[in-house]
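> query14.cif (mmCIF, C-alpha atoms) pasted underneath:
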data_structure
loop_
_atom_site.group_PDB
_atom_site.id
_atom_site.type_symbol
_atom_site.label_atom_id
_atom_site.label_comp_id
_atom_site.auth_asym_id
_atom_site.auth_seq_id
_atom_site.Cartn_x
_atom_site.Cartn_y
_atom_site.Cartn_z
ATOM 1 C CA MET A 1 43.760 73.225 73.093
ATOM 2 C CA ARG A 2 42.292 74.737 69.957
ATOM 3 C CA GLN A 3 40.007 72.595 67.824
ATOM 4 C CA ASN A 4 40.047 74.129 64.312
ATOM 5 C CA PRO A 5 40.969 71.018 62.261
ATOM 6 C CA GLU A 6 42.027 72.983 59.164
ATOM 7 C CA ARG A 7 44.367 75.186 61.203
ATOM 8 C CA ARG A 8 45.796 72.131 63.018
ATOM 9 C CA THR A 9 46.462 70.448 59.657
ATOM 10 C CA ALA A 10 48.117 73.595 58.279
ATOM 11 C CA LEU A 11 50.346 73.760 61.361
ATOM 12 C CA LEU A 12 51.316 70.087 60.997
ATOM 13 C CA ASP A 13 52.092 70.596 57.314
ATOM 14 C CA ALA A 14 54.240 73.587 58.279
ATOM 15 C CA ALA A 15 55.992 71.458 60.916
ATOM 16 C CA ILE A 16 56.828 68.876 58.238
ATOM 17 C CA GLU A 17 58.390 71.571 56.074
ATOM 18 C CA VAL A 18 60.382 72.961 59.022
ATOM 19 C CA LEU A 19 61.644 69.473 59.890
ATOM 20 C CA ALA A 20 62.721 68.883 56.293
ATOM 21 C CA ASP A 21 64.401 72.289 55.959
ATOM 22 C CA GLN A 22 65.902 72.852 59.400
ATOM 23 C CA GLY A 23 65.946 69.475 61.095
ATOM 24 C CA ALA A 24 64.424 68.518 64.421
ATOM 25 C CA ARG A 25 66.491 71.097 66.293
ATOM 26 C CA GLY A 26 64.932 73.829 64.165
ATOM 27 C CA LEU A 27 61.390 72.723 64.955
ATOM 28 C CA THR A 28 60.098 75.386 67.308
ATOM 29 C CA PHE A 29 56.608 76.721 67.755
ATOM 30 C CA ARG A 30 57.809 80.069 66.382
ATOM 31 C CA ALA A 31 59.294 78.409 63.265
ATOM 32 C CA VAL A 32 56.031 76.530 62.658
ATOM 33 C CA ASP A 33 54.003 79.716 63.110
ATOM 34 C CA GLN A 34 56.214 81.542 60.626
ATOM 35 C CA ARG A 35 56.074 78.737 58.057
ATOM 36 C CA ALA A 36 52.280 78.465 58.405
ATOM 37 C CA GLY A 37 51.908 82.248 58.136
ATOM 38 C CA VAL A 38 49.939 82.518 61.372
ATOM 39 C CA PRO A 39 50.390 84.812 64.363
ATOM 40 C CA THR A 40 53.151 83.966 66.813
ATOM 41 C CA GLY A 41 51.811 81.726 69.557
ATOM 42 C CA THR A 42 49.281 79.907 67.373
ATOM 43 C CA ALA A 43 51.081 76.529 67.339
ATOM 44 C CA SER A 44 51.418 76.552 71.121
ATOM 45 C CA ASN A 45 47.636 76.896 71.319
ATOM 46 C CA TYR A 46 47.217 73.656 69.337
ATOM 47 C CA PHE A 47 50.014 71.498 70.734
ATOM 48 C CA PRO A 48 50.791 71.291 74.453
ATOM 49 C CA ASN A 49 54.506 70.635 73.871
ATOM 50 C CA ARG A 50 57.139 70.004 71.249
ATOM 51 C CA ASP A 51 56.976 66.198 71.670
ATOM 52 C CA THR A 52 53.296 66.228 70.735
ATOM 53 C CA LEU A 53 54.076 68.354 67.700
ATOM 54 C CA LEU A 54 56.836 65.939 66.635
ATOM 55 C CA THR A 55 54.674 62.824 66.930
ATOM 56 C CA GLN A 56 51.665 64.408 65.249
ATOM 57 C CA ALA A 57 53.845 65.647 62.390
ATOM 58 C CA GLY A 58 54.993 62.049 61.887
ATOM 59 C CA ARG A 59 51.391 60.852 61.733
ATOM 60 C CA ARG A 60 50.574 63.603 59.247
ATOM 61 C CA VAL A 61 53.340 62.412 56.908
ATOM 62 C CA PHE A 62 51.692 58.979 56.781
ATOM 63 C CA GLU A 63 48.298 60.573 56.127
ATOM 64 C CA ARG A 64 49.683 62.531 53.205
ATOM 65 C CA LEU A 65 51.455 59.501 51.743
ATOM 66 C CA ASP A 66 48.351 57.303 51.876
ATOM 67 C CA PRO A 67 47.470 56.489 48.263
ATOM 68 C CA GLY A 68 43.740 56.614 48.932
ATOM 69 C CA PRO A 69 40.952 54.117 48.354
ATOM 70 C CA GLU A 70 40.823 54.556 44.561
ATOM 71 C CA VAL A 71 44.434 53.438 44.144
ATOM 72 C CA MET A 72 43.998 50.608 46.614
ATOM 73 C CA ASP A 73 40.837 49.411 44.871
ATOM 74 C CA GLU A 74 42.610 49.469 41.502
ATOM 75 C CA THR A 75 45.227 47.089 42.894
ATOM 76 C CA PHE A 76 42.557 44.391 43.193
ATOM 77 C CA THR A 77 42.028 44.539 39.417
ATOM 78 C CA LEU A 78 45.694 43.947 38.564
ATOM 79 C CA PRO A 79 46.907 40.512 37.519
ATOM 80 C CA ARG A 80 48.768 38.634 40.260
ATOM 81 C CA THR A 81 52.168 38.911 38.597
ATOM 82 C CA ARG A 82 55.673 40.156 39.235
ATOM 83 C CA ALA A 83 54.992 42.856 36.619
ATOM 84 C CA SER A 84 52.088 44.142 38.734
ATOM 85 C CA VAL A 85 54.312 44.284 41.815
ATOM 86 C CA ASP A 86 56.878 46.168 39.734
ATOM 87 C CA ARG A 87 54.228 48.680 38.674
ATOM 88 C CA LEU A 88 53.070 49.131 42.275
ATOM 89 C CA MET A 89 56.621 49.651 43.540
ATOM 90 C CA HIS A 90 57.290 52.259 40.854
ATOM 91 C CA GLU A 91 54.071 54.059 41.789
ATOM 92 C CA MET A 92 54.960 53.960 45.486
ATOM 93 C CA VAL A 93 58.456 55.362 44.959
ATOM 94 C CA ALA A 94 57.023 58.085 42.703
ATOM 95 C CA ARG A 95 54.400 58.984 45.329
ATOM 96 C CA ILE A 96 56.982 59.209 48.103
ATOM 97 C CA THR A 97 59.570 61.149 46.100
ATOM 98 C CA ALA A 98 56.857 63.580 44.966
ATOM 99 C CA PHE A 99 56.561 64.591 48.654
ATOM 100 C CA PRO A 100 60.267 64.930 49.494
ATOM 101 C CA SER A 101 59.757 67.038 52.595
ATOM 102 C CA GLY A 102 57.610 64.274 54.087
ATOM 103 C CA HIS A 103 60.290 61.620 53.760
ATOM 104 C CA LEU A 104 63.038 64.006 54.884
ATOM 105 C CA ALA A 105 60.916 64.994 57.891
ATOM 106 C CA MET A 106 60.529 61.298 58.760
ATOM 107 C CA LEU A 107 64.309 60.888 58.578
ATOM 108 C CA GLU A 108 64.670 63.784 61.012
ATOM 109 C CA LEU A 109 62.065 62.240 63.293
ATOM 110 C CA ARG A 110 63.903 58.914 63.190
ATOM 111 C CA LEU A 111 67.144 60.630 64.178
ATOM 112 C CA GLU A 112 65.395 62.546 66.939
ATOM 113 C CA SER A 113 63.846 59.303 68.186
ATOM 114 C CA THR A 114 67.326 58.047 69.074
ATOM 115 C CA ARG A 115 67.336 60.740 71.777
ATOM 116 C CA ARG A 116 63.648 60.624 72.733
ATOM 117 C CA PRO A 117 62.362 57.217 73.871
ATOM 118 C CA GLU A 118 58.713 58.364 73.739
ATOM 119 C CA LEU A 119 59.071 59.452 70.129
ATOM 120 C CA ARG A 120 60.897 56.194 69.333
ATOM 121 C CA ALA A 121 57.985 54.199 70.752
ATOM 122 C CA VAL A 122 55.427 56.155 68.726
ATOM 123 C CA LEU A 123 57.423 55.903 65.489
ATOM 124 C CA THR A 124 58.147 52.210 66.021
ATOM 125 C CA ASP A 125 54.453 51.479 66.551
ATOM 126 C CA GLN A 126 53.453 53.604 63.574
ATOM 127 C CA ILE A 127 56.007 52.151 61.175
ATOM 128 C CA ARG A 128 55.425 48.593 62.406
ATOM 129 C CA ALA A 129 51.675 49.003 61.808
ATOM 130 C CA ASN A 130 52.278 50.517 58.371
ATOM 131 C CA LEU A 131 54.610 47.675 57.399
ATOM 132 C CA GLN A 132 52.134 45.087 58.700
ATOM 133 C CA ASP A 133 49.350 46.770 56.690
ATOM 134 C CA ASN A 134 51.522 46.440 53.587
ATOM 135 C CA ILE A 135 52.244 42.791 54.319
ATOM 136 C CA ASP A 136 48.571 42.052 54.955
ATOM 137 C CA PHE A 137 47.526 43.862 51.792
ATOM 138 C CA HIS A 138 50.122 42.019 49.702
ATOM 139 C CA LEU A 139 49.021 38.663 51.033
ATOM 140 C CA HIS A 140 45.313 39.538 50.751
ATOM 141 C CA THR A 141 45.708 40.510 47.096
ATOM 142 C CA ALA A 142 47.639 37.254 46.475
ATOM 143 C CA MET A 143 50.493 39.004 44.714
ATOM 144 C CA PRO A 144 53.547 36.772 44.262
ATOM 145 C CA GLY A 145 55.841 36.569 47.259
ATOM 146 C CA ASP A 146 55.365 36.326 50.987
ATOM 147 C CA ALA A 147 55.719 38.532 54.046
ATOM 148 C CA ASP A 148 59.510 38.465 53.785
ATOM 149 C CA THR A 149 59.263 39.655 50.177
ATOM 150 C CA VAL A 150 57.395 42.743 51.373
ATOM 151 C CA VAL A 151 59.923 43.385 54.150
ATOM 152 C CA HIS A 152 62.843 43.031 51.729
ATOM 153 C CA LEU A 153 61.209 45.440 49.274
ATOM 154 C CA TYR A 154 60.498 47.856 52.132
ATOM 155 C CA LEU A 155 64.114 47.841 53.278
ATOM 156 C CA ALA A 156 65.663 48.103 49.815
ATOM 157 C CA LEU A 157 63.289 50.723 48.436
ATOM 158 C CA ASN A 158 63.512 52.879 51.553
ATOM 159 C CA TRP A 159 67.237 53.224 51.073
ATOM 160 C CA LEU A 160 66.822 53.908 47.356
ATOM 161 C CA ILE A 161 64.342 56.670 48.205
ATOM 162 C CA ILE A 162 66.800 58.142 50.703
ATOM 163 C CA GLU A 163 69.473 58.242 47.996
ATOM 164 C CA ARG A 164 67.081 59.919 45.528
ATOM 165 C CA LEU A 165 66.095 62.589 48.051
ATOM 166 C CA THR A 166 69.449 63.300 49.673
ATOM 167 C CA LEU A 167 71.904 62.614 46.819
ATOM 168 C CA PRO A 168 69.772 63.013 43.675
ATOM 169 C CA ASP A 169 72.810 62.992 41.375
ATOM 170 C CA LEU A 170 73.817 59.516 42.522
ATOM 171 C CA PHE A 171 71.010 57.741 40.645
ATOM 172 C CA ASP A 172 69.049 59.672 38.053
ATOM 173 C CA GLU A 173 65.407 58.849 37.367
ATOM 174 C CA THR A 174 66.230 56.362 34.604
ATOM 175 C CA ARG A 175 68.697 54.491 36.807
ATOM 176 C CA THR A 176 66.241 54.577 39.719
ATOM 177 C CA ASP A 177 63.528 53.014 37.567
ATOM 178 C CA ALA A 178 65.936 50.294 36.448
ATOM 179 C CA LEU A 179 66.972 49.596 40.043
ATOM 180 C CA ILE A 180 63.346 49.267 41.177
ATOM 181 C CA THR A 181 62.668 46.739 38.439
ATOM 182 C CA SER A 182 65.876 44.878 39.240
ATOM 183 C CA LEU A 183 64.955 44.685 42.937
ATOM 184 C CA VAL A 184 61.476 43.400 42.125
ATOM 185 C CA ASN A 185 62.908 40.812 39.723
ATOM 186 C CA GLN A 186 65.362 39.588 42.352
ATOM 187 C CA LEU A 187 63.004 39.628 45.343
ATOM 188 C CA VAL A 188 59.598 38.694 43.929
ATOM 189 C CA PRO A 189 59.195 35.123 42.710
ATOM 190 C CA ALA A 190 57.959 34.537 39.199
ATOM 191 C CA GLU A 191 54.289 33.619 39.029
#
Since I need it in another form, could you write the structure as structure tokens?

Amino acid sequence: MRQNPERRTALLDAAIEVLADQGARGLTFRAVDQRAGVPTGTASNYFPNRDTLLTQAGRRVFERLDPGPEVMDETFTLPRTRASVDRLMHEMVARITAFPSGHLAMLELRLESTRRPELRAVLTDQIRANLQDNIDFHLHTAMPGDADTVVHLYLALNWLIIERLTLPDLFDETRTDALITSLVNQLVPAE
């Protein structure tokens, strides 16, 4: 397998775009090569099979959605209040909806995982670890609420994000902001 990390990343980013545009059935090595603007056969030199490409594309989505250490460090300076959780949830939804192809690609991967047990196992482990990281971070920063609060926010906001990305006329940005605040007010205990 080829080892050029920049080329591998470009191919994974192209795979994300193909997944978002054409669905999992449209994800072929040829489609990835075309989207990445590389010679035909390049993707097959980097990924031994389609399953590997699917799972690595899923990992790449999480890499691209990671807010980075600066944002995480800033969280430690926020007051431990419901208002801070509200701010963080707004920032998270904005970050995710600013990368719509990433979330849509993950939806495609989730659907594909219903037919591919290996992909299901990888996605389950990845999403479970991500959710646990969020729970641990929330508890470590002593924000109001407990582990269930984080899970409830995860479930509710995920569906809100899906609505924003797939049916954007259902809830406009103003309504989305109001719904985020309403969810936080209902799920996060007052300090």
> Expressed in Å to a single decimal, how great is the separation between CA of Arg82 in chain A and CA of Thr97 in chain A?
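Taking CA of Arg82 in chain A and CA of Thr97 in chain A, their separation equals 22.4 Å.
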> For range 158-172 of chain A, list every protein, DNA or RNA residue within 12 Å, evaluated using only C-alpha atoms, and leave out those in the same chain fewer than 3 positions away; present the list as a PyMOL selection string.
chain A and resi 20+89-90+92-108+131+150-155+175-180+183
> Would you please work out which residue, of A:Leu19, A:Ala36, A:Ala156, A:Leu88, is nearest to Glu112 in chain A when using all atoms listed in the file?
A:Leu19
> One decimal, in Å: what's the spacing between CA of Leu54 in chain A and CA of Leu157 in chain A?
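Result for CA of Leu54 in chain A versus CA of Leu157 in chain A: 24.6 Å, one decimal.
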> Put the listed atoms of range 40-57 of chain A in a box along x, y and z with 6 Å added on every side and give me the centre and edge lengths in Å to one decimal, as AutoDock Vina command-line options.

--center_x 52.2 --center_y 73.4 --center_z 68.4 --size_x 21.9 --size_y 33.1 --size_z 24.1
> For a quick check of understanding, using all atoms listed in the file, which of A:Thr28, A:Thr149, A:Thr77, A:Gln186 has the smallest distance to Ala15 in chain A?
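Counting all atoms listed in the file, the residue closest to Ala15 in chain A is A:Thr28.
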> To test your reading of the syntax: which residues would the PyMOL selection byres ((chain A and resi 59) around 10) return for the file shown? Reply as an MDAnalysis selection string.
chainID A and resid 12 53:58 60:64 106 122:123 126:127
> Interatomic distance between CA of Val85 in chain A and CA of Ala129 in chain A?
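Result for CA of Val85 in chain A versus CA of Ala129 in chain A: 20.7 Å, one decimal.
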> Could you check which of A:Arg25, A:Arg110, A:Arg30, A:His140 is closest to Asn45 in chain A, using only C-alpha atoms?
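Of the candidates, the smallest distance to Asn45 in chain A is held by A:Arg30.
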> Rank A:Ala83, A:Leu78, A:Met72, A:Ala190 by their smallest atom-to-atom distance to Asn134 in chain A, using only C-alpha atoms, and report the top residue only.
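The answer is A:Met72, which sits nearest to Asn134 in chain A.
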> I'd like to know which of A:Thr81, A:Thr75, A:Gln132, A:Thr42 is closest to Glu191 in chain A, using all atoms listed in the file.
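That would be A:Thr81, the residue with the smallest distance to Glu191 in chain A.
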> Have range 142-159 of chain A completed to N, CA, C and O atoms, please, and pass it along as a compact mmCIF listing (two decimals), in the coordinates of the input.

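Saved result, result-v3.txt, follows:
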# COMPACT_ATOMS: atom_id res chain seq x y z
N ALA A 142 47.02 38.45 47.06
CA ALA A 142 47.64 37.25 46.48
C ALA A 142 48.68 37.59 45.41
O ALA A 142 48.85 36.85 44.43
N MET A 143 49.38 38.70 45.60
CA MET A 143 50.49 39.00 44.71
C MET A 143 51.60 37.99 45.00
O MET A 143 51.67 37.43 46.10
N PRO A 144 52.48 37.75 44.02
CA PRO A 144 53.55 36.77 44.26
C PRO A 144 54.49 37.23 45.38
O PRO A 144 54.76 38.41 45.53
N GLY A 145 54.95 36.28 46.15
CA GLY A 145 55.84 36.57 47.26
C GLY A 145 55.12 36.42 48.58
O GLY A 145 53.91 36.24 48.64
N ASP A 146 55.91 36.50 49.65
CA ASP A 146 55.36 36.33 50.99
C ASP A 146 55.67 37.56 51.84
O ASP A 146 56.08 38.59 51.32
N ALA A 147 55.48 37.42 53.13
CA ALA A 147 55.72 38.53 54.05
C ALA A 147 57.17 39.01 53.98
O ALA A 147 57.44 40.22 53.99
N ASP A 148 58.10 38.08 53.89
CA ASP A 148 59.51 38.47 53.78
C ASP A 148 59.79 39.25 52.51
O ASP A 148 60.63 40.16 52.50
N THR A 149 59.11 38.91 51.43
CA THR A 149 59.26 39.66 50.18
C THR A 149 58.92 41.12 50.40
O THR A 149 59.64 42.02 49.97
N VAL A 150 57.82 41.37 51.10
CA VAL A 150 57.40 42.74 51.37
C VAL A 150 58.42 43.46 52.25
O VAL A 150 58.78 44.61 51.99
N VAL A 151 58.92 42.78 53.27
CA VAL A 151 59.92 43.38 54.15
C VAL A 151 61.19 43.70 53.37
O VAL A 151 61.76 44.79 53.51
N HIS A 152 61.63 42.78 52.52
CA HIS A 152 62.84 43.03 51.73
C HIS A 152 62.65 44.21 50.78
O HIS A 152 63.55 45.06 50.64
N LEU A 153 61.49 44.29 50.14
CA LEU A 153 61.21 45.44 49.27
C LEU A 153 61.17 46.74 50.08
O LEU A 153 61.70 47.76 49.65
N TYR A 154 60.56 46.69 51.25
CA TYR A 154 60.50 47.86 52.13
C TYR A 154 61.90 48.36 52.46
O TYR A 154 62.20 49.55 52.34
N LEU A 155 62.76 47.45 52.88
CA LEU A 155 64.11 47.84 53.28
C LEU A 155 64.91 48.38 52.09
O LEU A 155 65.55 49.44 52.18
N ALA A 156 64.87 47.69 50.98
CA ALA A 156 65.66 48.10 49.82
C ALA A 156 65.15 49.41 49.22
O ALA A 156 65.93 50.31 48.90
N LEU A 157 63.84 49.52 49.07
CA LEU A 157 63.29 50.72 48.44
C LEU A 157 63.39 51.94 49.34
O LEU A 157 63.57 53.06 48.85
N ASN A 158 63.32 51.74 50.65
CA ASN A 158 63.51 52.88 51.55
C ASN A 158 64.88 53.50 51.35
O ASN A 158 65.03 54.72 51.31
N TRP A 159 65.89 52.67 51.25
CA TRP A 159 67.24 53.22 51.07
C TRP A 159 67.38 53.87 49.70
O TRP A 159 68.01 54.93 49.55
